[in-house]
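Asker: Structure provided below as C-alpha cells; questions to follow.
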Amino acid sequence: MKTVTELIAESQGRRFSFEVLPPLKGKGIDRIYAGIDALRKWDPMYINITTHRSEIVYKDTPDGLYKKESVRSRPGTVAVAAAIQQRYGIPAVPHLICSGYTKAETEYALIDLNFLGINNLLLLRGDKAKHESRFMALENGHAHASELQEQVNDFNRGYFIDGTKMDIITGDTFSYGVAGYPEKHDEAPNLEMDLQMLKRKVDGGAGYVVTQMFFDNSKYYAFVDRCRAAGITVPIIPGIKPIVSAPQLTLLPKVFHVDLPTELACEIAKCTTAEAVKAVGVEWCAAQVRDLLAHGAPSIHFYSMNATPSVVKVAEAVY
C-alpha cells in the first residue's frame, strides 16, 4: 500500500483525506461504511481512524460500595483500519497514541498492523484522561509523541522494546505523520518551543505534518512560513472542519484551543435554525478549501466526525 507521502506527491494538491471514529463498544461498523460510501466518489487519498484511551469509571456494587474500572468506549482501531483497507482498497491510517497505552500494548498493535499490511500511521501523544488534571503517562508508557516515534523507528529497524532482534519483518516498514498546531499546542510554553518539538519529530522521521483544525487560513499560512524558516520541509496538510451546530462556537475553542473568526461567529449567531448553521459552516469551509488549494496546500484533511453530510456538500462545491 502506498504511503501518505507518496500519495501527496502524486496528487498535485487536488485530493483530500478524512477521519472516522471507531464505533462505540457494542455498535456495528455500518455507519462508518455509509460515511465512506458518501465520500468515495471523490477518490479520497486515505482515511484516518482515531484511537481512544481507556477512562476510569466508578460503578455501584451490591454492597453499596464503588468499584473502580478501566473502560474503553471505542475499541477496535486496528480492526476498523483493516476492514476499511480491505473493503475499499484505500490506505487506512490508524492513530497510535501515548495516552492510556503501555509500550508493550503499542508493540502488539504494531505487530498486528504489520501482519495486516497497514503501513501508514499518525503518531500522537493524545489527550489527558478525564480524571486527571494534567497528562500523565502510564507506567511503562510514553510521555511524548517523540518517544512513541522512537519505538516505531526501532520496530522499523527490526527491534522489539526489550532490545531483541526480530527474525523477520513482514511487509513494508511503517511510514508516519505527526500533528502540528498553527495556534500552538495548549500545553506548549510558546510558539517557538512548540515549533522546536515539531522539528524534532520531523528530523526523527515524520514524513508529513497534519494540522489541528483552524478556521482562519492566515494562521495556517503563518504556521507554514514558520516551519519552513525552521527547516521543516515535509508536506504540511491543513486540517479543516465544517461547523455543524451553534454550540460549537464555544465548544471548539474550549476543547481544541482554536479561535473562530469574528465574521464566522457573527454569521452563525444570526442563524435561527440548525440547517442555517450547517449552511454557514459549509460555505465557510468551502471558501477555506478553495483558498488553501489556490495557495498550494498539498491536500486537505477533513475532521469529518459527526459532520460527514457537510463534508459531502463541501466536496460537491469544491471538487
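Chain identifiers are assigned as A, B, and so on, following the order in which chains appear in the C-alpha cells; residues are numbered from 1 within each chain, and ligands are numbered from 1 in order of appearance.
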Restrict the calculation to only C-alpha atoms, then for each residue of stretch 162-272 of chain A with any atom at most 12 Å from an atom of stretch 10-19 of chain A give the closest atom pair and their distance in Å to one decimal, rows by chain and rising residue number, as JSON lines.
Answerer:
```
{"residue": "A:Val210", "atom": "CA", "partner": "A:Ser17", "partner_atom": "CA", "distance": 10.7}
{"residue": "A:Pro235", "atom": "CA", "partner": "A:Gly13", "partner_atom": "CA", "distance": 10.5}
{"residue": "A:Ile236", "atom": "CA", "partner": "A:Gly13", "partner_atom": "CA", "distance": 11.4}
{"residue": "A:Ile237", "atom": "CA", "partner": "A:Phe16", "partner_atom": "CA", "distance": 9.5}
{"residue": "A:Pro238", "atom": "CA", "partner": "A:Phe16", "partner_atom": "CA", "distance": 10.0}
{"residue": "A:Gly239", "atom": "CA", "partner": "A:Phe18", "partner_atom": "CA", "distance": 9.1}
{"residue": "A:Ile240", "atom": "CA", "partner": "A:Phe18", "partner_atom": "CA", "distance": 9.4}
{"residue": "A:Lys241", "atom": "CA", "partner": "A:Phe18", "partner_atom": "CA", "distance": 9.9}
```
Asker: Could those residues be written to a file, using N, CA and C atoms, as a compact mmCIF listing (two decimals), in the first residue's frame?
Answerer:
```txt
# COMPACT_ATOMS: atom_id res chain seq x y z
N VAL A 210 0.13 16.98 9.80
CA VAL A 210 -1.27 17.36 9.61
C VAL A 210 -1.65 18.29 10.75
N PRO A 235 5.58 17.91 3.70
CA PRO A 235 4.25 18.46 3.46
C PRO A 235 3.53 18.78 4.77
N ILE A 236 2.83 19.91 4.78
CA ILE A 236 2.04 20.33 5.95
C ILE A 236 0.59 20.39 5.50
N ILE A 237 -0.18 19.40 5.92
CA ILE A 237 -1.56 19.24 5.45
C ILE A 237 -2.51 20.02 6.35
N PRO A 238 -3.30 20.92 5.79
CA PRO A 238 -4.26 21.67 6.62
C PRO A 238 -5.43 20.80 7.04
N GLY A 239 -5.75 20.86 8.33
CA GLY A 239 -6.90 20.14 8.86
C GLY A 239 -8.10 21.08 8.99
N ILE A 240 -9.23 20.68 8.42
CA ILE A 240 -10.40 21.55 8.30
C ILE A 240 -11.63 20.84 8.86
N LYS A 241 -12.51 21.61 9.48
CA LYS A 241 -13.77 21.04 9.98
C LYS A 241 -14.92 22.01 9.71
```
Asker: My list of candidates is A:Tyr88, A:Phe160, A:Asp291, A:Leu260. Which is closest to A:Lys41 when distances are computed with only C-alpha atoms?
Answerer: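 Of the candidates, the smallest distance to A:Lys41 is held by A:Tyr88.
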Asker: Using only C-alpha atoms, which of the listed residues (A:Val4, A:Val244, A:Val80, A:Ile47) sits closest to A:Ala206?
Answerer: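 Selected residue with least distance to A:Ala206: A:Val4.
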Asker: Write out as a ChimeraX atom specification all residues of stretch 85-316 of chain A that DSSP puts in strand (DSSP E or B) for this structure's backbone.
Answerer: /A:92-97,102,120-124,141,159,165,175-180,208-213,236-240,300-302
Asker: Return as a VMD selection string the full set of residues in stretch 33-227 of chain A whose backbone-based DSSP assignment is alpha helix (DSSP H).
Answerer: chain A and resid 33 to 39 77 to 88 103 to 116 145 to 156 191 to 203 217 to 227
Asker: Tell me, as a list in words, which residues lie within 6 Å of stretch 115-130 of chain A, counting only C-alpha atoms; anything in the same chain fewer than 4 positions away does not count.
Answerer: Val93, Pro94, His95, Leu96, Ile97, Cys98, Ser99, Phe135, His144, Ala145, Phe174, Ser175, Tyr176, Gly177 and Val178 of chain A
Asker: Expressed in Å to a single decimal, how great is the separation between atom CA of A:Ser218 and atom CA of A:Leu7?
Answerer: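 Computing the Euclidean distance for atom CA of A:Ser218 and atom CA of A:Leu7 yields 25.7 Å.
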Asker: Need the shell around A:Ile161: protein/DNA/RNA residues with any atom at most 9 Å away, counting only C-alpha atoms. Skip same-chain ones fewer than 4 positions apart. Format as a list in words?
Answerer: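 The residues satisfying every condition are Lys103, Ala104, Glu107, Gln151, Asp154 and Phe155 of chain A.
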Asker: Store the residues picked out above in a file with C-alpha atoms, as a PDB file, in the first residue's frame.
Answerer:
```
ATOM      1  CA  LYS A 103       4.938   0.376  25.301  1.00  0.00           C
ATOM      2  CA  ALA A 104       4.010  -3.305  25.209  1.00  0.00           C
ATOM      3  CA  GLU A 107       4.210  -3.083  20.256  1.00  0.00           C
ATOM      4  CA  GLN A 151       9.577   2.990  19.370  1.00  0.00           C
ATOM      5  CA  ASP A 154      13.127   0.846  16.425  1.00  0.00           C
ATOM      6  CA  PHE A 155      10.392  -1.501  15.176  1.00  0.00           C
TER       7      PHE A 155
END
```
Asker: Within 8 Å of A:Gly281, counting only C-alpha atoms, which residues qualify if same-chain residues fewer than 2 places away don't, as an NGL selection string?
Answerer: :A and (242-244 or 277-279 or 283-285 or 310)
Asker: Write a file of the selected residues as a PDB file, in the first residue's frame, keeping N, CA and C atoms.
Answerer:
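The resulting again.pdb:
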```
ATOM      1  N   PRO A 242     -15.977  21.557   9.064  1.00  0.00           N
ATOM      2  CA  PRO A 242     -17.153  22.423   8.922  1.00  0.00           C
ATOM      3  C   PRO A 242     -17.946  22.467  10.223  1.00  0.00           C
ATOM      4  N   ILE A 243     -18.320  23.643  10.631  1.00  0.00           N
ATOM      5  CA  ILE A 243     -19.169  23.778  11.815  1.00  0.00           C
ATOM      6  C   ILE A 243     -20.580  23.304  11.483  1.00  0.00           C
ATOM      7  N   VAL A 244     -21.176  22.528  12.389  1.00  0.00           N
ATOM      8  CA  VAL A 244     -22.495  21.961  12.123  1.00  0.00           C
ATOM      9  C   VAL A 244     -23.537  22.319  13.175  1.00  0.00           C
ATOM     10  N   VAL A 277     -27.337  27.013  10.314  1.00  0.00           N
ATOM     11  CA  VAL A 277     -25.982  26.923  10.870  1.00  0.00           C
ATOM     12  C   VAL A 277     -25.120  26.020   9.986  1.00  0.00           C
ATOM     13  N   LYS A 278     -25.654  24.885   9.605  1.00  0.00           N
ATOM     14  CA  LYS A 278     -24.899  23.958   8.760  1.00  0.00           C
ATOM     15  C   LYS A 278     -24.561  24.592   7.409  1.00  0.00           C
ATOM     16  N   ALA A 279     -25.486  25.370   6.853  1.00  0.00           N
ATOM     17  CA  ALA A 279     -25.235  26.024   5.572  1.00  0.00           C
ATOM     18  C   ALA A 279     -24.088  27.020   5.686  1.00  0.00           C
ATOM     19  N   GLU A 283     -20.480  26.770   3.744  1.00  0.00           N
ATOM     20  CA  GLU A 283     -19.995  27.895   2.925  1.00  0.00           C
ATOM     21  C   GLU A 283     -18.613  28.350   3.385  1.00  0.00           C
ATOM     22  N   TRP A 284     -18.436  28.469   4.704  1.00  0.00           N
ATOM     23  CA  TRP A 284     -17.147  28.925   5.235  1.00  0.00           C
ATOM     24  C   TRP A 284     -16.047  27.898   4.945  1.00  0.00           C
ATOM     25  N   CYS A 285     -16.370  26.637   5.167  1.00  0.00           N
ATOM     26  CA  CYS A 285     -15.395  25.578   4.950  1.00  0.00           C
ATOM     27  C   CYS A 285     -14.999  25.479   3.476  1.00  0.00           C
ATOM     28  N   SER A 310     -22.010  17.445   5.799  1.00  0.00           N
ATOM     29  CA  SER A 310     -21.452  18.763   5.466  1.00  0.00           C
ATOM     30  C   SER A 310     -20.188  18.627   4.636  1.00  0.00           C
TER      31      SER A 310
END
```
Asker: To one decimal place in Å, what is the distance between atom CA of A:Gln212 and atom CA of A:Lys184?
Answerer: 9.2 Å
Asker: Return the single residue from A:Ala83, A:Leu293, A:Ile111, A:Met136 that is closest to A:Gly158, with distances computed using only C-alpha atoms.
Answerer: A:Ile111
Asker: Stretch 225-232 of chain A: which residues within 8 Å, counting only C-alpha atoms, same-chain residues fewer than 3 positions away excluded, as a PDB file with C-alpha atoms, in the first residue's frame?
Answerer:
```
ATOM      1  CA  LEU A 195       7.982  24.553  16.716  1.00  0.00           C
ATOM      2  CA  LYS A 199      11.090  19.914  14.092  1.00  0.00           C
ATOM      3  CA  VAL A 202      10.264  15.676  11.586  1.00  0.00           C
ATOM      4  CA  TYR A 221      -0.029  30.258   6.150  1.00  0.00           C
ATOM      5  CA  ALA A 222       1.887  31.865   9.007  1.00  0.00           C
TER       6      ALA A 222
END
```
Asker: Got a sec: who's within 12 Å of A:Asp30, counting only C-alpha atoms, leaving out chain neighbours fewer than 5 positions off, as a list in words?
Answerer: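 The filter keeps Pro22, Pro23, Gly35, Ile36, Asp37, Val80, Ala83 and Ile84 of chain A.
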Asker: Using only C-alpha atoms, find the one residue out of A:Thr233, A:Thr273, A:Ser73, A:Gln86 that sits nearest to A:Met1.
Answerer: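 Smallest distance to A:Met1 is found for A:Gln86.
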Asker: For A:Val289, which residue out of A:Asp186, A:Glu263, A:Glu316, A:Asp194 is the nearest one, using only C-alpha atoms?
Answerer: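 Checking each candidate against A:Val289, we get A:Glu316 as the closest.
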Asker: Would you work out the distance separating atom CA of A:Val282 from atom CA of A:Asn306, expressed in Å to one decimal?
Answerer: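 Atom CA of A:Asn306 lies 13.5 Å from atom CA of A:Val282.
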